[in-house]
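Coordinates from query.cif are shown below (mmCIF, C-alpha atoms and all ligand atoms).
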data_my_file
#
loop_
_atom_site.label_atom_id
_atom_site.label_comp_id
_atom_site.auth_asym_id
_atom_site.auth_seq_id
_atom_site.Cartn_x
_atom_site.Cartn_y
_atom_site.Cartn_z
CA MET P 1163 153.23 192.75 67.88
CA VAL P 1164 152.21 194.78 64.85
CA ARG P 1165 148.72 193.95 63.67
CA PRO P 1166 148.67 193.05 59.97
CA LYS P 1167 146.80 195.46 57.76
CA ILE P 1168 143.86 193.79 56.08
CA ASP P 1169 143.37 195.83 52.93
CA SER P 1170 141.12 195.20 49.99
CA GLU P 1171 143.50 192.86 48.18
CA LEU P 1172 143.43 190.62 51.24
CA ALA P 1173 139.65 190.53 51.39
CA ASP P 1174 139.85 186.89 50.33
CA VAL P 1175 139.40 184.95 53.58
CA PRO P 1176 142.24 182.39 53.19
CA SER P 1177 144.71 185.15 52.27
CA ALA P 1178 143.52 187.34 55.13
CA ILE P 1179 143.97 184.46 57.59
CA LEU P 1180 147.47 183.74 56.27
CA ALA P 1181 148.44 187.42 56.57
CA THR P 1182 147.12 187.50 60.12
CA VAL P 1183 148.95 184.34 61.17
CA ARG P 1184 152.13 185.65 59.56
CA GLY P 1185 151.70 188.92 61.44
CA VAL P 1186 151.43 187.06 64.75
CA LEU P 1187 154.11 184.41 64.21
CA GLY P 1188 156.45 186.19 61.83
CA GLY P 1189 157.97 184.52 58.78
CA SER P 1190 161.05 182.74 60.09
CA GLY P 1191 161.33 180.52 57.02
CA ARG P 1192 161.24 177.45 59.24
CA ARG P 1193 158.15 175.25 59.40
CA VAL P 1194 156.02 176.15 62.40
CA ALA P 1195 154.57 173.07 64.10
CA LEU P 1196 151.00 172.84 65.35
CA HIS P 1197 152.14 171.97 68.88
CA GLU P 1198 155.60 170.81 69.77
CA PRO P 1199 156.90 169.72 73.15
CA GLU P 1200 159.30 171.92 75.06
CA PHE P 1201 162.12 170.49 77.19
CA ARG P 1202 163.77 173.44 78.88
CA GLY P 1203 163.75 172.23 82.47
CA ARG P 1204 165.20 169.27 84.38
CA GLU P 1205 164.04 166.63 81.87
CA TRP P 1206 167.58 165.44 81.03
CA GLU P 1207 168.57 165.34 84.69
CA TYR P 1208 165.55 163.24 85.75
CA LEU P 1209 165.82 160.91 82.76
CA LYS P 1210 169.51 160.38 83.41
CA GLU P 1211 168.71 159.49 87.00
CA CYS P 1212 166.31 156.78 85.74
CA LEU P 1213 168.90 155.39 83.34
CA ASP P 1214 171.73 155.53 85.88
CA SER P 1215 169.65 153.81 88.54
CA GLY P 1216 167.98 151.31 86.19
CA TRP P 1217 164.51 152.36 87.38
CA VAL P 1218 162.99 152.83 83.93
CA SER P 1219 159.91 150.63 84.12
CA SER P 1220 157.14 149.81 86.56
CA GLY P 1221 159.06 150.55 89.78
CA GLY P 1222 160.70 153.77 90.92
CA SER P 1223 159.83 156.94 92.75
CA TYR P 1224 158.85 159.25 89.90
CA VAL P 1225 155.37 157.76 89.42
CA ASP P 1226 154.40 158.55 93.03
CA ARG P 1227 155.89 162.00 92.76
CA PHE P 1228 154.16 162.69 89.43
CA GLU P 1229 150.81 161.65 90.92
CA ARG P 1230 151.37 163.89 93.97
CA ASP P 1231 152.42 166.84 91.80
CA LEU P 1232 149.45 166.38 89.49
CA ALA P 1233 147.00 166.19 92.38
CA ALA P 1234 148.52 169.35 93.87
CA PHE P 1235 148.44 171.25 90.59
CA THR P 1236 144.85 170.31 89.71
CA GLY P 1237 143.51 170.46 93.26
CA SER P 1238 142.23 166.88 92.94
CA ALA P 1239 142.30 164.55 95.93
CA CYS P 1240 143.69 161.68 93.79
CA ALA P 1241 145.64 161.43 90.58
CA VAL P 1242 146.52 158.00 89.16
CA ALA P 1243 149.06 157.97 86.34
CA THR P 1244 148.26 155.73 83.36
CA SER P 1245 149.90 154.60 80.13
CA ASN P 1246 147.89 157.12 78.08
CA GLY P 1247 144.72 159.20 78.06
CA THR P 1248 142.71 156.49 76.34
CA SER P 1249 143.44 153.95 79.10
CA ALA P 1250 142.56 156.64 81.67
CA LEU P 1251 139.17 157.07 79.97
CA HIS P 1252 138.64 153.30 79.96
CA ILE P 1253 139.26 153.20 83.71
CA CYS P 1254 136.87 156.16 84.25
CA LEU P 1255 134.07 154.27 82.49
CA LEU P 1256 134.74 151.05 84.42
CA LEU P 1257 134.68 152.94 87.73
CA ALA P 1258 131.49 154.74 86.72
CA ARG P 1259 130.03 151.21 86.60
CA VAL P 1260 129.02 151.48 82.97
CA LYS P 1261 127.91 147.98 81.91
CA PRO P 1262 127.69 146.18 78.57
CA GLY P 1263 124.53 147.30 76.76
CA ASP P 1264 124.35 150.66 78.57
CA GLU P 1265 124.42 153.93 76.65
CA VAL P 1266 126.81 156.77 77.47
CA LEU P 1267 126.22 160.33 76.29
CA VAL P 1268 129.29 161.52 74.39
CA PRO P 1269 129.86 164.59 72.21
CA THR P 1270 130.10 163.85 68.52
CA LEU P 1271 132.69 166.64 68.29
CA THR P 1272 135.61 164.93 70.02
CA PHE P 1273 138.68 162.80 69.43
CA VAL P 1274 137.82 159.15 68.76
CA ALA P 1275 139.23 157.94 72.10
CA THR P 1276 136.23 159.42 73.96
CA ALA P 1277 133.80 157.22 72.06
CA ASN P 1278 136.12 154.21 71.83
CA ALA P 1279 136.47 154.05 75.62
CA VAL P 1280 132.69 153.60 75.80
CA SER P 1281 132.96 150.69 73.36
CA TYR P 1282 135.77 149.10 75.43
CA VAL P 1283 133.30 148.50 78.28
CA GLY P 1284 130.69 147.06 75.90
CA ALA P 1285 128.49 150.14 76.05
CA VAL P 1286 127.14 152.27 73.22
CA PRO P 1287 128.00 155.94 72.68
CA HIS P 1288 124.90 158.12 72.33
CA PHE P 1289 126.02 161.24 70.52
CA VAL P 1290 125.14 164.75 71.62
CA ASP P 1291 125.54 168.21 70.10
CA SER P 1292 127.90 171.06 70.95
CA GLU P 1293 127.42 174.76 71.62
CA ALA P 1294 129.25 177.60 69.91
CA ILE P 1295 130.91 179.34 72.89
CA SER P 1296 133.06 176.51 74.27
CA LEU P 1297 132.48 173.89 71.54
CA GLY P 1298 131.64 171.56 74.43
CA VAL P 1299 128.36 169.70 75.02
CA ASP P 1300 125.27 171.94 74.76
CA ALA P 1301 123.60 171.50 78.17
CA ALA P 1302 120.24 173.09 77.26
CA LYS P 1303 119.91 171.06 74.09
CA LEU P 1304 120.89 167.88 75.92
CA GLU P 1305 118.25 168.56 78.59
CA ALA P 1306 115.60 168.99 75.88
CA HIS P 1307 116.74 165.79 74.17
CA LEU P 1308 116.55 163.80 77.40
CA ARG P 1309 113.06 165.15 78.12
CA ASP P 1310 112.09 163.98 74.68
CA THR P 1311 113.68 160.53 74.73
CA ALA P 1312 114.41 159.41 78.29
CA HIS P 1313 112.66 158.75 81.56
CA ILE P 1314 113.80 157.71 85.02
CA VAL P 1315 112.95 154.14 86.04
CA ASP P 1316 113.93 153.08 89.59
CA GLY P 1317 116.55 155.82 89.71
CA VAL P 1318 118.04 154.90 86.34
CA CYS P 1319 117.84 157.05 83.21
CA VAL P 1320 116.41 154.89 80.41
CA ASN P 1321 116.31 155.64 76.69
CA GLN P 1322 112.64 155.08 75.79
CA ARG P 1323 113.52 154.44 72.15
CA THR P 1324 116.16 151.73 72.72
CA GLY P 1325 115.20 150.55 76.22
CA ALA P 1326 118.84 150.82 77.32
CA PRO P 1327 119.99 152.51 80.53
CA ILE P 1328 121.84 155.77 79.91
CA ARG P 1329 124.47 155.51 82.61
CA ALA P 1330 126.89 158.40 82.17
CA LEU P 1331 127.66 161.69 80.45
CA VAL P 1332 131.21 162.28 79.19
CA VAL P 1333 131.99 165.91 78.48
CA MET P 1334 135.14 167.09 76.73
CA HIS P 1335 137.00 170.39 77.06
CA VAL P 1336 137.62 171.09 73.40
CA PHE P 1337 141.08 172.48 72.53
CA GLY P 1338 141.47 173.24 76.26
CA HIS P 1339 138.41 175.50 76.63
CA PRO P 1340 136.32 174.44 79.63
CA ALA P 1341 132.83 173.20 78.76
CA ASP P 1342 129.77 174.69 80.50
CA LEU P 1343 130.35 172.49 83.55
CA ASP P 1344 127.78 173.89 86.03
CA ALA P 1345 124.94 173.47 83.55
CA LEU P 1346 126.21 170.04 82.49
CA ALA P 1347 126.55 168.88 86.11
CA ASP P 1348 122.93 169.99 86.66
CA VAL P 1349 121.76 167.92 83.70
CA ALA P 1350 123.74 164.93 84.97
CA ARG P 1351 122.23 165.30 88.47
CA ARG P 1352 118.65 165.62 87.21
CA TRP P 1353 119.00 162.57 84.97
CA HIS P 1354 120.99 160.37 87.40
CA LEU P 1355 124.01 160.26 85.12
CA VAL P 1356 127.60 159.86 86.28
CA LEU P 1357 129.52 162.89 85.01
CA ILE P 1358 132.94 162.12 83.54
CA GLU P 1359 135.27 164.79 82.16
CA ASP P 1360 137.51 164.00 79.24
CA ALA P 1361 140.09 166.60 80.27
CA ALA P 1362 142.77 165.18 77.96
CA GLU P 1363 143.30 168.60 76.39
CA SER P 1364 142.69 170.87 79.36
CA LEU P 1365 145.56 170.55 81.86
CA GLY P 1366 145.93 174.07 83.26
CA SER P 1367 142.39 175.17 82.32
CA VAL P 1368 140.19 176.50 85.09
CA TYR P 1369 136.40 176.72 85.32
CA HIS P 1370 135.07 179.28 87.82
CA GLY P 1371 138.14 178.87 90.02
CA ARG P 1372 138.30 175.06 89.86
CA HIS P 1373 140.72 173.16 87.69
CA THR P 1374 138.92 171.18 84.98
CA GLY P 1375 138.61 167.52 85.91
CA ASN P 1376 137.29 168.30 89.40
CA ILE P 1377 133.59 168.66 88.69
CA GLY P 1378 132.90 165.18 87.34
CA LEU P 1379 133.14 162.08 89.54
CA LEU P 1380 136.11 161.03 87.41
CA SER P 1381 138.20 162.60 84.71
CA ALA P 1382 140.96 161.67 82.29
CA LEU P 1383 144.10 163.61 81.29
CA SER P 1384 146.50 162.91 78.42
CA PHE P 1385 150.24 163.56 78.25
CA ASN P 1386 150.69 162.59 74.63
CA GLY P 1387 153.51 164.38 72.78
CA ASN P 1388 151.14 166.99 71.36
CA LYS P 1389 149.67 168.04 74.71
CA VAL P 1390 150.74 170.99 76.91
CA VAL P 1391 152.65 168.64 79.22
CA THR P 1392 154.06 165.43 77.77
CA THR P 1393 155.44 162.24 79.25
CA GLY P 1394 156.10 160.87 75.76
CA GLY P 1395 152.90 158.89 76.15
CA GLY P 1396 150.84 158.93 79.30
CA GLY P 1397 147.65 159.89 81.02
CA ALA P 1398 146.00 160.14 84.41
CA VAL P 1399 142.70 159.55 86.15
CA LEU P 1400 141.61 162.33 88.52
CA THR P 1401 138.97 161.95 91.22
CA ASN P 1402 138.04 163.56 94.51
CA ASP P 1403 136.63 160.29 95.85
CA ALA P 1404 139.39 158.54 97.80
CA ALA P 1405 137.87 155.05 97.48
CA ILE P 1406 137.46 155.44 93.72
CA GLY P 1407 141.03 156.76 93.52
CA ARG P 1408 142.35 153.65 95.33
CA HIS P 1409 140.32 151.43 93.00
CA ALA P 1410 141.72 153.29 89.96
CA LYS P 1411 145.26 152.59 91.16
CA HIS P 1412 144.39 148.93 91.76
CA LEU P 1413 142.79 148.45 88.33
CA THR P 1414 145.63 150.17 86.46
CA THR P 1415 148.26 147.98 88.18
CA THR P 1416 146.86 144.52 87.32
CA ALA P 1417 144.66 144.39 90.47
CA ARG P 1418 147.46 142.72 92.43
CA THR P 1419 146.65 142.20 96.08
CA SER P 1420 149.83 140.61 97.31
CA ALA P 1421 153.00 142.33 98.40
CA GLY P 1422 156.44 140.75 98.15
CA TRP P 1423 156.75 137.53 96.12
CA GLY P 1424 153.13 136.64 95.61
CA PHE P 1425 151.18 137.07 92.41
CA VAL P 1426 147.57 137.23 93.52
CA HIS P 1427 145.03 139.35 91.70
CA ASP P 1428 141.46 139.85 92.91
CA GLU P 1429 139.73 141.09 89.74
CA VAL P 1430 140.45 141.61 86.05
CA GLY P 1431 143.00 144.38 86.15
CA TYR P 1432 144.96 146.18 83.48
CA ASN P 1433 148.61 146.93 82.86
CA TYR P 1434 147.93 150.62 82.41
CA ARG P 1435 150.75 151.81 84.68
CA LEU P 1436 152.87 154.76 83.55
CA PRO P 1437 156.56 153.70 83.41
CA ASN P 1438 158.91 155.50 85.79
CA ILE P 1439 160.94 156.97 82.94
CA ASN P 1440 157.83 158.62 81.50
CA ALA P 1441 156.81 159.89 84.93
CA ALA P 1442 160.29 161.41 85.34
CA LEU P 1443 159.72 163.40 82.17
CA GLY P 1444 156.32 164.44 83.51
CA CYS P 1445 157.76 165.68 86.81
CA ALA P 1446 160.18 167.96 84.97
CA GLN P 1447 157.40 169.14 82.65
CA LEU P 1448 155.03 169.96 85.51
CA GLU P 1449 157.70 172.17 87.10
CA ARG P 1450 157.56 174.30 83.97
CA LEU P 1451 153.82 174.18 83.40
CA PRO P 1452 153.11 177.69 84.81
CA SER P 1453 155.63 179.19 82.40
CA MET P 1454 154.22 177.22 79.46
CA LEU P 1455 150.68 178.30 80.32
CA GLU P 1456 151.68 181.93 80.63
CA ARG P 1457 153.33 181.90 77.20
CA LYS P 1458 150.48 179.96 75.57
CA ARG P 1459 148.01 182.50 76.90
CA ALA P 1460 150.20 185.38 75.69
CA LEU P 1461 150.23 183.82 72.21
CA ALA P 1462 146.43 183.42 72.28
CA ALA P 1463 146.04 187.08 73.25
CA ARG P 1464 148.13 188.05 70.22
CA TYR P 1465 146.01 185.91 67.89
CA ASP P 1466 142.85 187.34 69.48
CA ARG P 1467 143.93 190.95 68.89
CA ALA P 1468 145.08 190.23 65.36
CA PHE P 1469 141.91 188.41 64.29
CA ALA P 1470 139.64 191.12 65.72
CA ASP P 1471 139.99 193.04 62.43
CA VAL P 1472 139.56 190.10 60.09
CA ASP P 1473 136.16 189.65 58.50
CA GLY P 1474 134.67 186.22 57.94
CA VAL P 1475 136.34 184.46 60.85
CA ARG P 1476 136.20 184.44 64.65
CA PHE P 1477 139.04 183.60 67.02
CA LEU P 1478 137.77 181.14 69.63
CA ARG P 1479 138.11 182.83 73.03
CA GLU P 1480 138.01 181.17 76.42
CA PRO P 1481 134.38 181.07 77.66
CA PRO P 1482 133.41 183.72 80.25
CA GLY P 1483 134.36 182.72 83.82
CA THR P 1484 137.10 180.36 82.65
CA SER P 1485 140.83 180.46 82.10
CA SER P 1486 141.86 178.28 79.19
CA ASN P 1487 145.23 176.69 78.54
CA TYR P 1488 144.59 177.48 74.84
CA TRP P 1489 145.96 174.05 74.00
CA LEU P 1490 145.17 174.61 70.32
CA ASN P 1491 144.38 178.11 69.10
CA THR P 1492 141.34 177.98 66.87
CA VAL P 1493 139.53 180.10 64.35
CA VAL P 1494 135.95 179.40 63.27
CA LEU P 1495 135.04 180.49 59.75
CA ASP P 1496 131.70 182.21 59.26
CA THR P 1497 129.13 179.85 57.77
CA ALA P 1498 129.36 181.71 54.47
CA HIS P 1499 133.03 180.75 54.19
CA ALA P 1500 132.76 177.10 55.27
CA ALA P 1501 133.48 175.97 51.70
CA ARG P 1502 136.89 177.71 51.92
CA ARG P 1503 138.12 175.68 54.90
CA ASP P 1504 140.40 173.47 52.83
CA ASP P 1505 141.76 176.55 51.04
CA VAL P 1506 142.62 178.02 54.44
CA LEU P 1507 144.36 174.80 55.47
CA GLY P 1508 146.18 174.63 52.13
CA ILE P 1509 147.45 178.21 52.13
CA LEU P 1510 148.65 178.02 55.76
CA ASN P 1511 150.43 174.68 55.39
CA ASP P 1512 151.98 175.71 52.06
CA ALA P 1513 153.38 178.81 53.76
CA GLY P 1514 154.93 176.66 56.53
CA TYR P 1515 152.33 177.26 59.27
CA MET P 1516 150.96 173.90 60.30
CA ALA P 1517 147.18 174.04 60.58
CA ARG P 1518 144.62 171.27 60.83
CA PRO P 1519 140.87 170.69 60.69
CA VAL P 1520 138.79 169.33 63.54
CA TRP P 1521 138.16 165.58 63.89
CA THR P 1522 135.58 163.90 61.67
CA LEU P 1523 132.45 163.76 63.80
CA MET P 1524 132.04 160.49 65.70
CA HIS P 1525 128.59 159.64 64.31
CA LYS P 1526 130.06 159.68 60.79
CA LEU P 1527 132.71 157.05 61.52
CA PRO P 1528 131.80 153.55 60.24
CA MET P 1529 131.74 151.90 63.66
CA TYR P 1530 129.42 154.56 65.12
CA ARG P 1531 127.02 155.27 62.23
CA ALA P 1532 124.23 153.24 63.84
CA SER P 1533 124.69 154.71 67.34
CA PRO P 1534 121.84 156.62 68.94
CA ARG P 1535 122.09 160.40 68.67
CA MET P 1536 120.29 163.65 69.11
CA ASP P 1537 120.02 166.39 66.49
CA LEU P 1538 123.66 167.30 65.77
CA THR P 1539 123.18 170.40 63.64
CA LEU P 1540 125.68 172.69 65.32
CA ALA P 1541 128.48 170.12 65.44
CA GLU P 1542 127.84 169.39 61.77
CA GLN P 1543 128.12 173.09 60.94
CA LEU P 1544 131.25 173.49 63.05
CA GLU P 1545 133.00 170.51 61.51
CA SER P 1546 133.59 172.34 58.23
CA ARG P 1547 134.47 175.69 59.82
CA ILE P 1548 137.20 174.95 62.38
CA VAL P 1549 140.91 175.53 61.77
CA ASN P 1550 143.56 174.97 64.45
CA LEU P 1551 146.63 177.22 64.33
CA PRO P 1552 150.22 176.78 65.59
CA SER P 1553 150.06 176.85 69.37
CA SER P 1554 153.37 175.75 70.94
CA ALA P 1555 154.30 177.54 74.16
CA SER P 1556 157.62 178.58 72.59
CA LEU P 1557 155.70 180.76 70.11
CA GLY P 1558 154.71 182.92 73.07
CA ASP P 1559 158.33 183.59 74.13
C1 LIG Q 1601 139.79 164.62 73.76
C2 LIG Q 1601 140.81 163.54 73.86
N1 LIG Q 1601 140.48 162.42 74.51
C3 LIG Q 1601 141.36 161.42 74.64
C4 LIG Q 1601 142.62 161.50 74.10
C5 LIG Q 1601 143.49 160.30 74.20
O1 LIG Q 1601 144.68 160.52 74.82
P1 LIG Q 1601 145.96 159.58 74.45
O2 LIG Q 1601 146.40 159.95 73.07
O3 LIG Q 1601 146.95 159.94 75.51
O4 LIG Q 1601 145.49 158.18 74.55
C6 LIG Q 1601 143.01 162.68 73.43
C7 LIG Q 1601 144.34 162.91 72.86
O5 LIG Q 1601 145.04 162.27 72.24
C8 LIG Q 1601 142.07 163.71 73.29
O6 LIG Q 1601 142.37 164.82 72.61
#
Mind turning this structure into structure tokens?
Ligand SMILES: Cc1ncc(COP(=O)(O)O)c(C=O)c1O
Amino acid sequence: MVRPKIDSELADVPSAILATVRGVLGGSGRRVALHEPEFRGREWEYLKECLDSGWVSSGGSYVDRFERDLAAFTGSACAVATSNGTSALHICLLLARVKPGDEVLVPTLTFVATANAVSYVGAVPHFVDSEAISLGVDAAKLEAHLRDTAHIVDGVCVNQRTGAPIRALVVMHVFGHPADLDALADVARRWHLVLIEDAAESLGSVYHGRHTGNIGLLSALSFNGNKVVTTGGGGAVLTNDAAIGRHAKHLTTTARTSAGWGFVHDEVGYNYRLPNINAALGCAQLERLPSMLERKRALAARYDRAFADVDGVRFLREPPGTSSNYWLNTVVLDTAHAARRDDVLGILNDAGYMARPVWTLMHKLPMYRASPRMDLTLAEQLESRIVNLPSSASLGD
């Protein structure tokens, strides 16, 4: 791929970014999506089998197969398919024994589902800051914050300011880049916190040789239509604890204890099961995941090379020691150019390259404005500087 020449007339940052994106993606005249699904494998065949057999809903063999294939791909002992990533997160928090009134440490730089899942169990998200390498939770800053605000009482981390137990830490692998998991797991261990990974965006991303989602006690994946692998809508809970895995399956399938004709349920369960027809799509998608990852990484390498010469902006690389799925390719504007973010979004979208900003930070949303938080300076700076670029696997063909 020819690197675009950034000459003096392109010194304007939005124009330089557009020229660079055009150099990487070419100017086909057609609108380039941010992330579109790719169905080049046995999707039609498996879906047809569901329709022909009538097994489109809660029964059928594809769910079991999808769970086995997911466990094998991620190296997790258990994978439990769910209706979406949000329901998977809800189950993770229930199984982490987070109780009403507890606090759960959650990054403010995340999609709203991470914080909402905490609210679903009656707990309160306690927002934490991010670091600049991975955009994930800043372990050192979190440690300092806990030293400042928390203490351990009878083996439980307690927020001295609110008096509430801080039960868990949810980390998120932003745009697919693995967070600093070793350091975060250390913080969780020292402060008696259950570590949960929101791995919704990071299927195929590896941290020091281990697939993301394997370091926390529990983790959640998403197979929404915009993710690397899609089931239309869907998610999964991963865990390496067999008993927790069995409980996850039980809770997501209405907690039914009886086989055959009986309808007996032994706790409040949920209808979070992934339908067979969605799992069929997922099985076909997983077969092609290595190819999709290879092409997504090739595309990221092209962006990386092209942006190396562009002043005022940095291409977000996978953190050292990790292999990212590069779910969404990302550039971070220098602080001096933060005010131009909307110009960058405007010029790219006008030219047919779909680009988007990062989520509004959680602590700014009306329902979370009163939530406890640490100093969130870096996330606040990042919020106005992030631009996601077209990232579909097909762009790496
Ligand atoms: C970080 C994160 N968490 C959770 C979710 C929720 O997943 P779903 O849309 O499948 O409910 C998503 C994606 O949508 C996400 O990006």
Produce a table with one row for each residue of chain P that has an atom at most 8 Å from any atom of ligand LIG 1601 (chain Q), each row naming the nearest atom pair and its distance in Å at one decimal; use only C-alpha atoms and all ligand atoms; arrange rows by chain and rising residue number; format as JSON lines.
{"residue": "P:Ser1245", "atom": "CA", "partner": "Q:LIG1601", "partner_atom": "O3", "distance": 7.7}
{"residue": "P:Asn1246", "atom": "CA", "partner": "Q:LIG1601", "partner_atom": "O3", "distance": 3.9}
{"residue": "P:Gly1247", "atom": "CA", "partner": "Q:LIG1601", "partner_atom": "O3", "distance": 3.5}
{"residue": "P:Thr1248", "atom": "CA", "partner": "Q:LIG1601", "partner_atom": "O4", "distance": 3.7}
{"residue": "P:Ser1249", "atom": "CA", "partner": "Q:LIG1601", "partner_atom": "O4", "distance": 6.5}
{"residue": "P:Ala1250", "atom": "CA", "partner": "Q:LIG1601", "partner_atom": "O4", "distance": 7.9}
{"residue": "P:Leu1251", "atom": "CA", "partner": "Q:LIG1601", "partner_atom": "C3", "distance": 7.2}
{"residue": "P:Thr1272", "atom": "CA", "partner": "Q:LIG1601", "partner_atom": "C1", "distance": 5.6}
{"residue": "P:Phe1273", "atom": "CA", "partner": "Q:LIG1601", "partner_atom": "C1", "distance": 4.8}
{"residue": "P:Val1274", "atom": "CA", "partner": "Q:LIG1601", "partner_atom": "N1", "distance": 7.1}
{"residue": "P:Ala1275", "atom": "CA", "partner": "Q:LIG1601", "partner_atom": "C3", "distance": 4.8}
{"residue": "P:Thr1276", "atom": "CA", "partner": "Q:LIG1601", "partner_atom": "N1", "distance": 5.2}
{"residue": "P:Met1334", "atom": "CA", "partner": "Q:LIG1601", "partner_atom": "C1", "distance": 6.0}
{"residue": "P:His1335", "atom": "CA", "partner": "Q:LIG1601", "partner_atom": "C1", "distance": 7.2}
{"residue": "P:Val1336", "atom": "CA", "partner": "Q:LIG1601", "partner_atom": "C1", "distance": 6.8}
{"residue": "P:Phe1337", "atom": "CA", "partner": "Q:LIG1601", "partner_atom": "O6", "distance": 7.8}
{"residue": "P:Asp1360", "atom": "CA", "partner": "Q:LIG1601", "partner_atom": "N1", "distance": 5.8}
{"residue": "P:Ala1361", "atom": "CA", "partner": "Q:LIG1601", "partner_atom": "C1", "distance": 6.8}
{"residue": "P:Ala1362", "atom": "CA", "partner": "Q:LIG1601", "partner_atom": "C2", "distance": 4.8}
{"residue": "P:Glu1363", "atom": "CA", "partner": "Q:LIG1601", "partner_atom": "O6", "distance": 5.4}
{"residue": "P:Ala1382", "atom": "CA", "partner": "Q:LIG1601", "partner_atom": "C3", "distance": 7.7}
{"residue": "P:Leu1383", "atom": "CA", "partner": "Q:LIG1601", "partner_atom": "O1", "distance": 7.2}
{"residue": "P:Ser1384", "atom": "CA", "partner": "Q:LIG1601", "partner_atom": "O3", "distance": 4.2}
{"residue": "P:Phe1385", "atom": "CA", "partner": "Q:LIG1601", "partner_atom": "O3", "distance": 5.6}
{"residue": "P:Asn1386", "atom": "CA", "partner": "Q:LIG1601", "partner_atom": "O3", "distance": 4.7}
{"residue": "P:Asn1388", "atom": "CA", "partner": "Q:LIG1601", "partner_atom": "O5", "distance": 7.8}
{"residue": "P:Lys1389", "atom": "CA", "partner": "Q:LIG1601", "partner_atom": "C7", "distance": 7.6}
{"residue": "P:Gly1395", "atom": "CA", "partner": "Q:LIG1601", "partner_atom": "O3", "distance": 6.1}
{"residue": "P:Gly1396", "atom": "CA", "partner": "Q:LIG1601", "partner_atom": "O3", "distance": 5.5}
{"residue": "P:Gly1397", "atom": "CA", "partner": "Q:LIG1601", "partner_atom": "O3", "distance": 5.6}
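With only C-alpha atoms taken into account, the protein and nucleic acid residues at most 10 Å from P:Arg1230 (excluding it and anything under 6 positions from it in its own chain) are Tyr1224, Ser1238, Ala1239, Cys1240, Ala1241, Val1242, Ala1243 and Cys1445 of chain P.
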Contacts of stretch 1204-1211 of chain P within 9 Å, all atoms listed in the file, excl. fewer than 3 positions in-chain, as a PDB file with C-alpha atoms, keeping the file's coordinate frame:
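Contents of part00.pdb, as written:
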ATOM      1  CA  PHE P1201     162.120 170.490  77.190  1.00  0.00           C
ATOM      2  CA  ASP P1214     171.730 155.530  85.880  1.00  0.00           C
ATOM      3  CA  SER P1215     169.650 153.810  88.540  1.00  0.00           C
ATOM      4  CA  GLY P1216     167.980 151.310  86.190  1.00  0.00           C
ATOM      5  CA  TRP P1217     164.510 152.360  87.380  1.00  0.00           C
ATOM      6  CA  VAL P1218     162.990 152.830  83.930  1.00  0.00           C
ATOM      7  CA  TYR P1224     158.850 159.250  89.900  1.00  0.00           C
ATOM      8  CA  ILE P1439     160.940 156.970  82.940  1.00  0.00           C
ATOM      9  CA  ASN P1440     157.830 158.620  81.500  1.00  0.00           C
ATOM     10  CA  ALA P1442     160.290 161.410  85.340  1.00  0.00           C
ATOM     11  CA  LEU P1443     159.720 163.400  82.170  1.00  0.00           C
ATOM     12  CA  GLY P1444     156.320 164.440  83.510  1.00  0.00           C
ATOM     13  CA  CYS P1445     157.760 165.680  86.810  1.00  0.00           C
ATOM     14  CA  ALA P1446     160.180 167.960  84.970  1.00  0.00           C
ATOM     15  CA  GLN P1447     157.400 169.140  82.650  1.00  0.00           C
ATOM     16  CA  GLU P1449     157.700 172.170  87.100  1.00  0.00           C
TER      17      GLU P1449
END
What does the distance from atom CA of P:Arg1372 to atom CA of P:Gly1558 come to in Å, to one decimal?
24.8 Å
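Atom pair atom CA of P:Ala1330 / atom CA of P:Leu1267: separated by 6.2 Å.
From atom CA of P:Val1290 back to atom CA of P:Leu1271, the distance works out to 8.5 Å.
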Stretch 1341-1353 of chain P environment, 8 Å, all atoms listed in the file, sequence neighbours closer than 2 positions dropped, as a PyMOL selection string:
chain P and resi 1296-1302+1304-1305+1314+1318-1319+1330-1331+1333-1336+1339+1355-1357+1369+1377-1378
Skip P:Ala1405 itself and residues of its chain fewer than 5 positions away, then list as a list in words all residues within 12 Å of it, counting all atoms listed in the file.
Ala1239, Cys1240, Leu1257, Leu1379, Leu1380, Ala1410, Lys1411 and His1412 of chain P
Write out the residues from the selection above, keeping C-alpha atoms, as a compact mmCIF listing (two decimals), keeping the file's coordinate frame.
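Below is the file that was written, selection-v3.txt:
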# COMPACT_ATOMS: atom_id res chain seq x y z
CA ALA P 1239 142.30 164.55 95.93
CA CYS P 1240 143.69 161.68 93.79
CA LEU P 1257 134.68 152.94 87.73
CA LEU P 1379 133.14 162.08 89.54
CA LEU P 1380 136.11 161.03 87.41
CA ALA P 1410 141.72 153.29 89.96
CA LYS P 1411 145.26 152.59 91.16
CA HIS P 1412 144.39 148.93 91.76
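Using all atoms listed in the file, the residues found no farther than 8 Å from P:Glu1542, other than those of its own chain fewer than 4 positions away, are Leu1523, Leu1538 and Ser1546 of chain P.
Among the candidates P:Leu1448, P:Leu1455, P:Ala1181, P:Met1536, the one nearest to P:Arg1309 when counting all atoms listed in the file is P:Met1536.
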Counting only C-alpha atoms, which of P:Val1399, P:Leu1413, P:Ala1500, P:Leu1436 gets nearest to P:Asp1226?
P:Leu1436
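Each of P:Ala1294, P:Val1268, P:Ala1195, P:Leu1213 was checked against P:Leu1540 using all atoms listed in the file; the smallest atom-to-atom distance is that of P:Ala1294.
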